[in-house]
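Have a look at run-v2.cif below; it lists mmCIF, C-alpha atoms and all ligand atoms.
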```
data_query
#
loop_
_atom_site.group_PDB
_atom_site.id
_atom_site.type_symbol
_atom_site.label_atom_id
_atom_site.label_comp_id
_atom_site.auth_asym_id
_atom_site.auth_seq_id
_atom_site.Cartn_x
_atom_site.Cartn_y
_atom_site.Cartn_z
ATOM 1 C CA MET X 53 138.289 37.183 103.175
ATOM 2 C CA ALA X 54 135.126 35.859 104.833
ATOM 3 C CA PHE X 55 132.035 38.060 104.417
ATOM 4 C CA LEU X 56 129.904 36.010 106.801
ATOM 5 C CA SER X 57 131.305 33.934 109.612
ATOM 6 C CA LEU X 58 130.157 32.042 112.668
ATOM 7 C CA ASP X 59 132.576 31.787 115.481
ATOM 8 C CA SER X 60 131.943 28.891 117.959
ATOM 9 C CA VAL X 61 128.184 29.377 117.788
ATOM 10 C CA GLY X 62 125.947 27.344 120.075
ATOM 11 C CA PHE X 63 122.172 27.384 120.460
ATOM 12 C CA ALA X 64 119.663 25.560 122.651
ATOM 13 C CA ARG X 65 115.859 25.486 122.813
ATOM 14 C CA SER X 66 113.769 24.259 125.742
ATOM 15 C CA GLY X 67 116.904 22.863 127.364
ATOM 16 C CA ARG X 68 117.909 20.897 124.228
ATOM 17 C CA VAL X 69 121.134 21.731 122.439
ATOM 18 C CA ILE X 70 120.291 22.285 118.764
ATOM 19 C CA LEU X 71 123.586 23.678 117.440
ATOM 20 C CA ARG X 72 126.922 23.150 119.121
ATOM 21 C CA ASP X 73 130.204 24.935 118.627
ATOM 22 C CA LEU X 74 129.739 25.795 114.953
ATOM 23 C CA SER X 75 132.502 27.687 113.195
ATOM 24 C CA LEU X 76 131.989 28.464 109.519
ATOM 25 C CA ALA X 77 133.256 31.162 107.167
ATOM 26 C CA PHE X 78 131.867 32.045 103.740
ATOM 27 C CA ARG X 79 133.074 34.442 101.079
ATOM 28 C CA LYS X 80 131.276 36.484 98.452
ATOM 29 C CA GLY X 81 131.112 34.593 95.193
ATOM 30 C CA GLU X 82 130.243 31.291 96.869
ATOM 31 C CA LEU X 83 127.086 29.250 96.461
ATOM 32 C CA VAL X 84 126.904 27.411 99.773
ATOM 33 C CA SER X 85 124.488 24.495 100.194
ATOM 34 C CA ILE X 86 123.703 23.154 103.623
ATOM 35 C CA LEU X 87 122.536 19.556 103.608
ATOM 36 C CA GLY X 88 121.142 17.689 106.574
ATOM 37 C CA ALA X 89 118.420 15.318 107.634
ATOM 38 C CA ASN X 90 115.111 16.701 108.893
ATOM 39 C CA GLY X 91 115.710 18.284 112.275
ATOM 40 C CA ALA X 92 119.505 18.567 111.839
ATOM 41 C CA GLY X 93 119.362 22.293 112.637
ATOM 42 C CA LYS X 94 119.524 23.905 109.161
ATOM 43 C CA THR X 95 116.723 26.442 109.645
ATOM 44 C CA THR X 96 118.005 27.260 113.130
ATOM 45 C CA LEU X 97 121.442 27.914 111.650
ATOM 46 C CA LEU X 98 120.039 30.220 108.936
ATOM 47 C CA ARG X 99 118.008 32.179 111.509
ATOM 48 C CA LEU X 100 121.157 32.742 113.583
ATOM 49 C CA MET X 101 123.024 33.962 110.492
ATOM 50 C CA LEU X 102 120.212 36.453 109.867
ATOM 51 C CA GLY X 103 120.046 37.754 113.422
ATOM 52 C CA LEU X 104 116.489 36.404 113.840
ATOM 53 C CA SER X 105 117.710 34.329 116.786
ATOM 54 C CA ARG X 106 120.641 35.092 119.041
ATOM 55 C CA PRO X 107 123.385 32.552 119.643
ATOM 56 C CA GLU X 108 123.838 31.524 123.254
ATOM 57 C CA THR X 109 127.553 31.176 122.787
ATOM 58 C CA GLY X 110 129.849 32.564 120.128
ATOM 59 C CA ARG X 111 129.031 35.259 117.565
ATOM 60 C CA VAL X 112 128.061 35.897 113.973
ATOM 61 C CA LEU X 113 130.032 38.427 111.938
ATOM 62 C CA VAL X 114 128.854 39.992 108.672
ATOM 63 C CA ASP X 115 131.185 42.226 106.713
ATOM 64 C CA GLY X 116 133.397 42.397 109.795
ATOM 65 C CA LYS X 117 130.573 43.548 112.090
ATOM 66 C CA ASP X 118 128.990 41.649 114.953
ATOM 67 C CA LEU X 119 125.397 40.990 113.925
ATOM 68 C CA SER X 120 124.094 41.706 117.436
ATOM 69 C CA GLY X 121 125.061 45.377 117.015
ATOM 70 C CA LEU X 122 123.156 45.954 113.746
ATOM 71 C CA SER X 123 119.599 47.263 113.258
ATOM 72 C CA ARG X 124 117.015 45.280 111.255
ATOM 73 C CA GLN X 125 117.315 47.748 108.377
ATOM 74 C CA GLN X 126 121.100 47.447 108.334
ATOM 75 C CA ILE X 127 120.759 43.665 108.295
ATOM 76 C CA ALA X 128 118.141 43.847 105.501
ATOM 77 C CA ARG X 129 120.606 45.764 103.332
ATOM 78 C CA LEU X 130 123.202 43.058 103.905
ATOM 79 C CA MET X 131 121.068 39.920 103.803
ATOM 80 C CA ALA X 132 117.864 38.886 102.030
ATOM 81 C CA TYR X 133 115.920 35.863 103.244
ATOM 82 C CA VAL X 134 113.430 33.439 101.757
ATOM 83 C CA PRO X 135 112.058 31.399 104.669
ATOM 84 C CA GLN X 136 110.936 27.806 104.378
ATOM 85 C CA ASN X 137 107.450 28.475 105.665
ATOM 86 C CA ARG X 138 105.225 30.800 103.762
ATOM 87 C CA ASP X 139 104.907 34.222 105.273
ATOM 88 C CA VAL X 140 101.332 35.193 105.840
ATOM 89 C CA LEU X 141 101.206 37.905 103.241
ATOM 90 C CA PRO X 142 98.428 40.424 102.645
ATOM 91 C CA PRO X 143 96.449 39.911 99.408
ATOM 92 C CA TYR X 144 98.675 42.297 97.449
ATOM 93 C CA SER X 145 99.424 41.720 93.801
ATOM 94 C CA VAL X 146 102.513 39.773 92.774
ATOM 95 C CA ALA X 147 104.213 42.997 91.613
ATOM 96 C CA GLN X 148 103.456 44.733 94.929
ATOM 97 C CA ILE X 149 104.850 41.830 96.953
ATOM 98 C CA VAL X 150 108.033 41.822 94.891
ATOM 99 C CA GLY X 151 108.207 45.611 95.349
ATOM 100 C CA LEU X 152 108.378 45.092 99.135
ATOM 101 C CA GLY X 153 111.944 43.902 98.521
ATOM 102 C CA ARG X 154 112.857 47.571 97.879
ATOM 103 C CA LEU X 155 111.662 48.647 101.348
ATOM 104 C CA PRO X 156 115.141 48.687 102.964
ATOM 105 C CA TYR X 157 115.964 51.534 100.542
ATOM 106 C CA GLY X 158 112.866 53.689 100.985
ATOM 107 C CA SER X 159 109.723 53.970 103.016
ATOM 108 C CA LEU X 160 106.188 52.589 102.832
ATOM 109 C CA THR X 161 104.682 56.050 102.449
ATOM 110 C CA ARG X 162 106.967 57.250 99.653
ATOM 111 C CA GLY X 163 106.238 54.259 97.431
ATOM 112 C CA LEU X 164 108.447 52.889 94.677
ATOM 113 C CA SER X 165 110.503 55.013 92.298
ATOM 114 C CA ASP X 166 110.561 54.353 88.536
ATOM 115 C CA GLN X 167 113.946 52.766 89.049
ATOM 116 C CA ASP X 168 112.536 50.474 91.740
ATOM 117 C CA MET X 169 109.669 49.524 89.411
ATOM 118 C CA SER X 170 112.014 48.614 86.574
ATOM 119 C CA ARG X 171 113.971 46.384 88.977
ATOM 120 C CA VAL X 172 110.692 44.701 89.929
ATOM 121 C CA GLU X 173 109.709 44.151 86.290
ATOM 122 C CA ALA X 174 113.143 42.660 85.521
ATOM 123 C CA ALA X 175 112.869 40.231 88.453
ATOM 124 C CA LEU X 176 109.342 39.220 87.417
ATOM 125 C CA ALA X 177 110.590 38.481 83.898
ATOM 126 C CA LEU X 178 113.633 36.567 85.178
ATOM 127 C CA LEU X 179 111.469 34.287 87.301
ATOM 128 C CA GLY X 180 108.773 33.779 84.665
ATOM 129 C CA LEU X 181 106.183 35.785 86.605
ATOM 130 C CA ALA X 182 105.436 38.627 84.178
ATOM 131 C CA ASP X 183 102.024 37.198 83.252
ATOM 132 C CA LEU X 184 101.091 36.943 86.931
ATOM 133 C CA ARG X 185 102.166 40.467 87.928
ATOM 134 C CA ASP X 186 98.621 41.705 88.789
ATOM 135 C CA ARG X 187 97.339 38.464 90.369
ATOM 136 C CA PRO X 188 96.792 38.583 94.169
ATOM 137 C CA CYS X 189 99.498 36.506 95.841
ATOM 138 C CA THR X 190 96.766 34.617 97.687
ATOM 139 C CA ALA X 191 95.675 33.111 94.339
ATOM 140 C CA LEU X 192 98.896 31.369 93.333
ATOM 141 C CA SER X 193 100.113 27.785 93.275
ATOM 142 C CA GLY X 194 102.804 26.778 95.797
ATOM 143 C CA GLY X 195 105.590 26.918 93.209
ATOM 144 C CA GLU X 196 104.432 30.270 91.805
ATOM 145 C CA TYR X 197 104.332 31.699 95.306
ATOM 146 C CA GLN X 198 107.852 30.428 95.973
ATOM 147 C CA ARG X 199 109.069 32.204 92.835
ATOM 148 C CA VAL X 200 107.393 35.451 93.982
ATOM 149 C CA LEU X 201 109.378 35.255 97.238
ATOM 150 C CA LEU X 202 112.543 34.654 95.228
ATOM 151 C CA ALA X 203 111.828 37.673 93.002
ATOM 152 C CA ARG X 204 111.325 39.751 96.149
ATOM 153 C CA VAL X 205 114.806 38.895 97.476
ATOM 154 C CA MET X 206 116.340 39.439 94.037
ATOM 155 C CA VAL X 207 115.313 43.121 94.103
ATOM 156 C CA GLN X 208 116.518 43.571 97.666
ATOM 157 C CA ASP X 209 120.065 43.942 96.296
ATOM 158 C CA ALA X 210 121.649 42.463 99.397
ATOM 159 C CA PRO X 211 125.141 40.993 98.994
ATOM 160 C CA VAL X 212 124.037 37.864 100.891
ATOM 161 C CA LEU X 213 121.016 35.746 99.895
ATOM 162 C CA VAL X 214 119.806 33.205 102.421
ATOM 163 C CA LEU X 215 117.277 30.690 101.128
ATOM 164 C CA ASP X 216 115.676 27.953 103.193
ATOM 165 C CA GLU X 217 114.816 25.034 100.907
ATOM 166 C CA PRO X 218 114.149 27.254 97.879
ATOM 167 C CA LEU X 219 113.678 24.187 95.654
ATOM 168 C CA SER X 220 110.770 22.792 97.619
ATOM 169 C CA GLY X 221 107.525 23.012 95.709
ATOM 170 C CA LEU X 222 109.186 23.937 92.413
ATOM 171 C CA ASP X 223 108.653 21.746 89.359
ATOM 172 C CA TYR X 224 111.754 20.059 87.944
ATOM 173 C CA GLY X 225 112.326 22.712 85.269
ATOM 174 C CA HIS X 226 112.147 25.545 87.776
ATOM 175 C CA GLN X 227 114.471 23.675 90.171
ATOM 176 C CA ILE X 228 117.102 23.449 87.443
ATOM 177 C CA ARG X 229 116.583 27.068 86.348
ATOM 178 C CA LEU X 230 116.726 28.312 89.942
ATOM 179 C CA MET X 231 119.993 26.506 90.719
ATOM 180 C CA ALA X 232 121.535 27.943 87.536
ATOM 181 C CA LEU X 233 120.298 31.410 88.559
ATOM 182 C CA LEU X 234 121.703 31.092 92.089
ATOM 183 C CA GLU X 235 125.032 29.916 90.685
ATOM 184 C CA GLN X 236 125.078 32.922 88.354
ATOM 185 C CA LEU X 237 124.278 35.329 91.231
ATOM 186 C CA ALA X 238 127.184 33.860 93.185
ATOM 187 C CA ARG X 239 129.472 34.159 90.173
ATOM 188 C CA GLU X 240 128.492 37.811 89.892
ATOM 189 C CA GLY X 241 129.762 38.334 93.438
ATOM 190 C CA ARG X 242 126.958 37.614 95.883
ATOM 191 C CA LEU X 243 127.203 35.119 98.697
ATOM 192 C CA VAL X 244 124.295 32.694 98.306
ATOM 193 C CA ILE X 245 123.512 30.318 101.179
ATOM 194 C CA MET X 246 120.766 27.742 100.806
ATOM 195 C CA THR X 247 119.499 24.577 102.401
ATOM 196 C CA ALA X 248 118.431 21.684 100.205
ATOM 197 C CA HIS X 249 117.486 18.031 100.072
ATOM 198 C CA GLN X 250 118.582 17.466 96.435
ATOM 199 C CA PRO X 251 122.186 16.148 96.412
ATOM 200 C CA ASP X 252 122.422 15.891 92.599
ATOM 201 C CA LEU X 253 121.539 19.531 92.013
ATOM 202 C CA VAL X 254 123.718 20.627 94.909
ATOM 203 C CA TYR X 255 126.674 18.648 93.570
ATOM 204 C CA ARG X 256 126.263 20.236 90.180
ATOM 205 C CA HIS X 257 125.855 23.875 91.191
ATOM 206 C CA ALA X 258 127.194 24.530 94.701
ATOM 207 C CA SER X 259 130.764 25.674 95.226
ATOM 208 C CA HIS X 260 130.757 24.788 98.925
ATOM 209 C CA VAL X 261 128.782 22.165 100.815
ATOM 210 C CA VAL X 262 128.161 21.869 104.544
ATOM 211 C CA LEU X 263 126.886 18.568 105.942
ATOM 212 C CA LEU X 264 125.054 19.309 109.164
ATOM 213 C CA GLU X 265 124.309 16.392 111.469
ATOM 214 C CA HIS X 266 122.612 16.754 114.868
ATOM 215 C CA GLY X 267 123.681 20.393 115.073
ATOM 216 C CA ARG X 268 127.325 19.773 114.224
ATOM 217 C CA VAL X 269 129.322 20.131 111.035
ATOM 218 C CA LEU X 270 130.089 16.596 109.884
ATOM 219 C CA ALA X 271 132.067 17.776 106.852
ATOM 220 C CA GLU X 272 132.396 20.837 104.635
ATOM 221 C CA GLY X 273 134.219 21.787 101.472
ATOM 222 C CA GLN X 274 133.893 21.432 97.722
ATOM 223 C CA PRO X 275 131.164 19.037 96.561
ATOM 224 C CA GLU X 276 133.703 16.655 94.966
ATOM 225 C CA THR X 277 135.512 16.161 98.249
ATOM 226 C CA VAL X 278 132.526 16.151 100.607
ATOM 227 C CA MET X 279 129.803 14.358 98.662
ATOM 228 C CA ASP X 280 130.571 10.719 98.035
ATOM 229 C CA SER X 281 127.953 8.028 98.260
ATOM 230 C CA ALA X 282 129.501 6.258 101.266
ATOM 231 C CA ARG X 283 129.422 9.433 103.347
ATOM 232 C CA LEU X 284 125.952 10.466 102.180
ATOM 233 C CA ALA X 285 124.626 6.949 102.790
ATOM 234 C CA ALA X 286 125.724 7.114 106.421
ATOM 235 C CA PHE X 287 124.528 10.718 106.635
ATOM 236 C CA TYR X 288 120.986 9.990 105.421
ATOM 237 C CA GLY X 289 120.822 6.432 106.797
ATOM 238 C CA VAL X 290 120.065 4.748 103.470
ATOM 239 C CA SER X 291 122.056 2.689 101.007
ATOM 240 C CA LEU X 292 123.329 4.829 98.130
ATOM 241 C CA ARG X 293 125.546 4.512 95.104
ATOM 242 C CA HIS X 294 126.862 7.244 92.868
ATOM 243 C CA HIS X 295 127.766 7.368 89.236
ATOM 244 C CA ASP X 296 129.980 10.045 87.667
ATOM 245 C CA HIS X 297 129.271 11.196 84.152
ATOM 246 C CA ASP X 298 130.551 14.287 82.334
ATOM 247 C CA GLY X 299 131.656 15.985 85.545
ATOM 248 C CA GLN X 300 128.254 15.439 87.122
ATOM 249 C CA ARG X 301 127.553 12.982 89.952
ATOM 250 C CA PHE X 302 124.298 11.070 90.135
ATOM 251 C CA PHE X 303 123.209 9.538 93.408
ATOM 252 C CA MET X 304 121.040 6.445 93.354
ATOM 253 C CA GLY X 305 119.270 5.000 96.346
ATOM 254 C CA GLY X 306 116.408 2.627 96.733
ATOM 255 C CA ASP X 307 118.167 -0.629 97.509
ATOM 256 C CA GLU X 308 116.442 -0.736 100.890
ATOM 257 C CA LYS X 309 114.313 -3.745 101.666
ATOM 258 C CA SER X 310 110.943 -2.540 102.902
HETATM 259 N N1 LIG O 1 110.682 26.101 119.312
HETATM 260 C C1 LIG O 1 111.373 24.981 119.435
HETATM 261 N N2 LIG O 1 111.495 24.360 120.642
HETATM 262 C C2 LIG O 1 112.195 23.226 120.787
HETATM 263 N N3 LIG O 1 112.830 22.604 119.769
HETATM 264 C C3 LIG O 1 112.740 23.171 118.555
HETATM 265 C C4 LIG O 1 112.026 24.377 118.313
HETATM 266 N N4 LIG O 1 112.130 24.695 116.989
HETATM 267 C C5 LIG O 1 112.875 23.718 116.439
HETATM 268 N N5 LIG O 1 113.225 22.796 117.369
HETATM 269 C C6 LIG O 1 114.031 21.581 117.167
HETATM 270 O O1 LIG O 1 115.310 21.975 116.709
HETATM 271 C C7 LIG O 1 115.840 20.994 115.825
HETATM 272 C C8 LIG O 1 116.318 21.683 114.560
HETATM 273 O O2 LIG O 1 115.206 22.236 113.872
HETATM 274 P P1 LIG O 1 115.412 22.924 112.451
HETATM 275 O O3 LIG O 1 114.081 23.493 112.044
HETATM 276 O O4 LIG O 1 116.550 23.850 112.526
HETATM 277 O O5 LIG O 1 115.786 21.659 111.539
HETATM 278 P P2 LIG O 1 116.008 21.555 109.961
HETATM 279 O O6 LIG O 1 117.350 20.926 109.770
HETATM 280 O O7 LIG O 1 115.765 22.859 109.306
HETATM 281 O O8 LIG O 1 114.883 20.489 109.550
HETATM 282 P P3 LIG O 1 113.974 20.303 108.223
HETATM 283 O O9 LIG O 1 114.837 19.664 107.161
HETATM 284 O O10 LIG O 1 112.921 19.337 108.710
HETATM 285 O O11 LIG O 1 113.400 21.629 107.830
HETATM 286 C C9 LIG O 1 114.731 19.968 115.589
HETATM 287 O O12 LIG O 1 114.978 18.839 116.391
HETATM 288 C C10 LIG O 1 113.480 20.689 116.064
HETATM 289 O O13 LIG O 1 112.534 19.767 116.572
#
```

Represent the structure contained in this file as structure tokens.
Ligand SMILES: Nc1ncnc2c1ncn2[C@@H]1O[C@H](COP(=O)(O)OP(=O)(O)OP(=O)(O)O)[C@@H](O)[C@H]1O
Amino acid sequence: MAFLSLDSVGFARSGRVILRDLSLAFRKGELVSILGANGAGKTTLLRLMLGLSRPETGRVLVDGKDLSGLSRQQIARLMAYVPQNRDVLPPYSVAQIVGLGRLPYGSLTRGLSDQDMSRVEAALALLGLADLRDRPCTALSGGEYQRVLLARVMVQDAPVLVLDEPLSGLDYGHQIRLMALLEQLAREGRLVIMTAHQPDLVYRHASHVVLLEHGRVLAEGQPETVMDSARLAAFYGVSLRHHDHDGQRFFMGGDEKS
């Protein structure tokens, strides 16, 4: 049964239609990757799923409930979000920022319990941040900062993780490790929804792919059925080939004449 669904959702900004008549349904246990060219509407779609923007038509349902009837705290217990743009965060330490992920379960004045702190330490270790735990988050590289935001959503314990381009700014090793981690979180029962611009990694790790084009779903389904080079070539407007090896698909572009 779907845990998160969009039912004929439409959205416009400044008189321009950005998303039109989108119907999607995702289950727990899925790693969903949304692919699309710049400006296709991916971030807009994620914000609607999170209740940060309201659809003009249609509705979003989470765990059977209409999102428009839920409070921010109720939504935060259901869904954790890593936005594409950096939040402007106060100069707290890395450990304190990650600890903010426990806020939906407590209060700012009460502080973190020992149990909360051990969750924070585990997330720091998992994301290779233990050595940076006391560093102010204003003194981090882009990729380190991105991993701090990921650790923060890990401790939020929400059944749905929504990540807007979580691979951007990560070095190659951390991209591979992060995709493996997200796949594992999905396998353990969470619903993970992410946007990405890396078809190879998406093909390898995602269980469900959505191709978003000009605010519409061009295709969706398992990577093997949705992601072939002819379709992706038309989708991204470049020439592309693919090569299958050991169950993995490699996409190769670069035949364009400049
Ligand atoms: N405040 C706004 N007013 C008008 N148009 C907007 C506004 N915010 C976004 N848009 C437009 O909505 C469309 C979708 O934007 P969105 O950020 O969802 O795209 P995206 O697929 O996430 O792109 P990217 O890959 O570049 O991050 C774009 O054409 C963008 O210019």

When the PyMOL selection byres (((not hetatm)) within 7 of (chain O and resi 1)) is applied to the structure above, which residues does it catch, written out as a PDB file with C-alpha atoms, in the coordinates of the input?
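Generated file (result.pdb):
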```pdb
ATOM      1  CA  ARG X  65     115.859  25.486 122.813  1.00  0.00           C
ATOM      2  CA  SER X  66     113.769  24.259 125.742  1.00  0.00           C
ATOM      3  CA  ARG X  68     117.909  20.897 124.228  1.00  0.00           C
ATOM      4  CA  ILE X  70     120.291  22.285 118.764  1.00  0.00           C
ATOM      5  CA  GLY X  88     121.142  17.689 106.574  1.00  0.00           C
ATOM      6  CA  ALA X  89     118.420  15.318 107.634  1.00  0.00           C
ATOM      7  CA  ASN X  90     115.111  16.701 108.893  1.00  0.00           C
ATOM      8  CA  GLY X  91     115.710  18.284 112.275  1.00  0.00           C
ATOM      9  CA  ALA X  92     119.505  18.567 111.839  1.00  0.00           C
ATOM     10  CA  GLY X  93     119.362  22.293 112.637  1.00  0.00           C
ATOM     11  CA  LYS X  94     119.524  23.905 109.161  1.00  0.00           C
ATOM     12  CA  THR X  95     116.723  26.442 109.645  1.00  0.00           C
ATOM     13  CA  THR X  96     118.005  27.260 113.130  1.00  0.00           C
ATOM     14  CA  LEU X  97     121.442  27.914 111.650  1.00  0.00           C
TER      15      LEU X  97
END
```

Counting all atoms listed in the file, give me one row per residue of segment 228-263 of chain X with an atom at most 12 Å from an atom of segment 294-303 of chain X, showing the shortest contact pair and its distance in Å to one decimal, sorted by chain then residue number, as a Markdown table.
```
| residue | atom | partner | partner_atom | distance |
| --- | --- | --- | --- | --- |
| X:Gln250 | CA | X:Phe303 | CA | 9.7 |
| X:Pro251 | CA | X:Phe303 | CA | 7.3 |
| X:Asp252 | CA | X:Phe302 | CA | 5.7 |
| X:Leu253 | CA | X:Phe302 | CA | 9.1 |
| X:Val254 | CA | X:Arg301 | CA | 9.9 |
| X:Tyr255 | CA | X:Arg301 | CA | 6.8 |
| X:Arg256 | CA | X:Gln300 | CA | 6.0 |
| X:His257 | CA | X:Gln300 | CA | 9.7 |
| X:Ala258 | CA | X:Gln300 | CA | 11.9 |
```

How would the residues just chosen look if you wrote them out with C-alpha atoms as a compact mmCIF listing (two decimals), in the frame of the given file?
```txt
# COMPACT_ATOMS: atom_id res chain seq x y z
CA GLN X 250 118.58 17.47 96.44
CA PRO X 251 122.19 16.15 96.41
CA ASP X 252 122.42 15.89 92.60
CA LEU X 253 121.54 19.53 92.01
CA VAL X 254 123.72 20.63 94.91
CA TYR X 255 126.67 18.65 93.57
CA ARG X 256 126.26 20.24 90.18
CA HIS X 257 125.86 23.88 91.19
CA ALA X 258 127.19 24.53 94.70
```

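Residues matched by the PyMOL selection byres (((chain X and resi 190-194) around 10) and not hetatm) in this file are Arg138, Val140, Leu141, Pro142, Pro143, Tyr144, Ser145, Val146, Leu184, Arg187, Pro188, Cys189, Gly195, Glu196, Tyr197, Gln198, Arg199, Val200, Ser220, Gly221 and Leu222 of chain X.
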
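As for atom CA of Ala174 of chain X and atom CA of Leu201 of chain X, they are spaced 14.4 Å apart.
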
Answer key for the PyMOL selection byres (((chain X and resi 269) around 10) and not hetatm), residues as a PyMOL selection string: chain X and resi 71-76+86+88+92+262-268+270-272

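Using only C-alpha atoms, the shortest contact distance between Gly151 of chain X and any of X:Ala203, X:Ala128, X:Leu178, X:Val84 is found at X:Ala203.
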
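You can rank X:Ser123, X:Thr277, X:Tyr224, X:Arg171 by their closest distance to Leu104 of chain X using all atoms listed in the file, and at the top of that list sits X:Ser123.
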
Atomic distance atom CA of Met131 of chain X - atom CA of Leu237 of chain X, expressed in Å with one decimal: 13.8 Å

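Straight-line separation from atom CA of Arg185 of chain X to atom CA of Leu230 of chain X: 19.1 Å.
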
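Nearest-residue note for Leu98 of chain X: choosing from X:Ser120, X:Ser170, X:Thr247, X:Gln208, the minimum distance belongs to X:Thr247, counting all atoms listed in the file.
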
Point (128.5, 36.5, 113.6), cut-off 9 Å, counting only C-alpha atoms, residues as a PyMOL selection string: chain X and resi 56-59+61+100-101+103+107+110-114+116-120

For the residues in the current selection, export C-alpha atoms as a PDB file, in the coordinates of the input.
```pdb
ATOM      1  CA  LEU X  56     129.904  36.010 106.801  1.00  0.00           C
ATOM      2  CA  SER X  57     131.305  33.934 109.612  1.00  0.00           C
ATOM      3  CA  LEU X  58     130.157  32.042 112.668  1.00  0.00           C
ATOM      4  CA  ASP X  59     132.576  31.787 115.481  1.00  0.00           C
ATOM      5  CA  VAL X  61     128.184  29.377 117.788  1.00  0.00           C
ATOM      6  CA  LEU X 100     121.157  32.742 113.583  1.00  0.00           C
ATOM      7  CA  MET X 101     123.024  33.962 110.492  1.00  0.00           C
ATOM      8  CA  GLY X 103     120.046  37.754 113.422  1.00  0.00           C
ATOM      9  CA  PRO X 107     123.385  32.552 119.643  1.00  0.00           C
ATOM     10  CA  GLY X 110     129.849  32.564 120.128  1.00  0.00           C
ATOM     11  CA  ARG X 111     129.031  35.259 117.565  1.00  0.00           C
ATOM     12  CA  VAL X 112     128.061  35.897 113.973  1.00  0.00           C
ATOM     13  CA  LEU X 113     130.032  38.427 111.938  1.00  0.00           C
ATOM     14  CA  VAL X 114     128.854  39.992 108.672  1.00  0.00           C
ATOM     15  CA  GLY X 116     133.397  42.397 109.795  1.00  0.00           C
ATOM     16  CA  LYS X 117     130.573  43.548 112.090  1.00  0.00           C
ATOM     17  CA  ASP X 118     128.990  41.649 114.953  1.00  0.00           C
ATOM     18  CA  LEU X 119     125.397  40.990 113.925  1.00  0.00           C
ATOM     19  CA  SER X 120     124.094  41.706 117.436  1.00  0.00           C
TER      20      SER X 120
END
```

Arg229 of chain X surroundings by all atoms listed in the file, 12 Å radius, close-in-sequence under 2 positions cut, as a VMD selection string: chain X and resid 178 to 180 199 218 to 219 222 to 227 231 to 236 253 257

7 Å contact set for Pro275 of chain X, only C-alpha atoms, chain neighbours under 4 positions out, as a PyMOL selection string: chain X and resi 255+259-261+279

Residue among X:Leu87, X:Ile245, X:Gln274, X:Asp115 lying closest to Ala54 of chain X, counting only C-alpha atoms: X:Asp115

Generate the missing atoms of segment 269-282 of chain X up to N, CA and C atoms and report them as a short mmCIF file (atom, residue, chain, number, x, y, z; two decimals), keeping the file's coordinate frame.
```
data_model
loop_
_atom_site.label_atom_id
_atom_site.label_comp_id
_atom_site.auth_asym_id
_atom_site.auth_seq_id
_atom_site.Cartn_x
_atom_site.Cartn_y
_atom_site.Cartn_z
N VAL X 269 128.85 20.26 112.41
CA VAL X 269 129.32 20.13 111.04
C VAL X 269 130.04 18.79 110.91
N LEU X 270 129.46 17.90 110.10
CA LEU X 270 130.09 16.60 109.88
C LEU X 270 131.24 16.74 108.89
N ALA X 271 131.02 17.54 107.85
CA ALA X 271 132.07 17.78 106.85
C ALA X 271 131.69 19.03 106.08
N GLU X 272 132.67 19.70 105.52
CA GLU X 272 132.40 20.84 104.64
C GLU X 272 133.52 20.98 103.64
N GLY X 273 133.21 21.58 102.51
CA GLY X 273 134.22 21.79 101.47
C GLY X 273 133.58 21.72 100.10
N GLN X 274 134.42 21.51 99.08
CA GLN X 274 133.89 21.43 97.72
C GLN X 274 133.06 20.16 97.57
N PRO X 275 132.03 20.21 96.71
CA PRO X 275 131.16 19.04 96.56
C PRO X 275 131.95 17.77 96.23
N GLU X 276 132.96 17.86 95.38
CA GLU X 276 133.70 16.66 94.97
C GLU X 276 134.39 15.98 96.15
N THR X 277 134.81 16.78 97.13
CA THR X 277 135.51 16.16 98.25
C THR X 277 134.56 15.73 99.37
N VAL X 278 133.43 16.42 99.48
CA VAL X 278 132.53 16.15 100.61
C VAL X 278 131.46 15.11 100.27
N MET X 279 131.00 15.13 99.00
CA MET X 279 129.80 14.36 98.66
C MET X 279 130.13 13.06 97.93
N ASP X 280 130.48 12.03 98.68
CA ASP X 280 130.57 10.72 98.04
C ASP X 280 129.46 9.85 98.61
N SER X 281 129.16 8.77 97.88
CA SER X 281 127.95 8.03 98.26
C SER X 281 128.11 7.34 99.61
N ALA X 282 129.33 6.93 99.97
CA ALA X 282 129.50 6.26 101.27
C ALA X 282 129.17 7.23 102.40
#
```
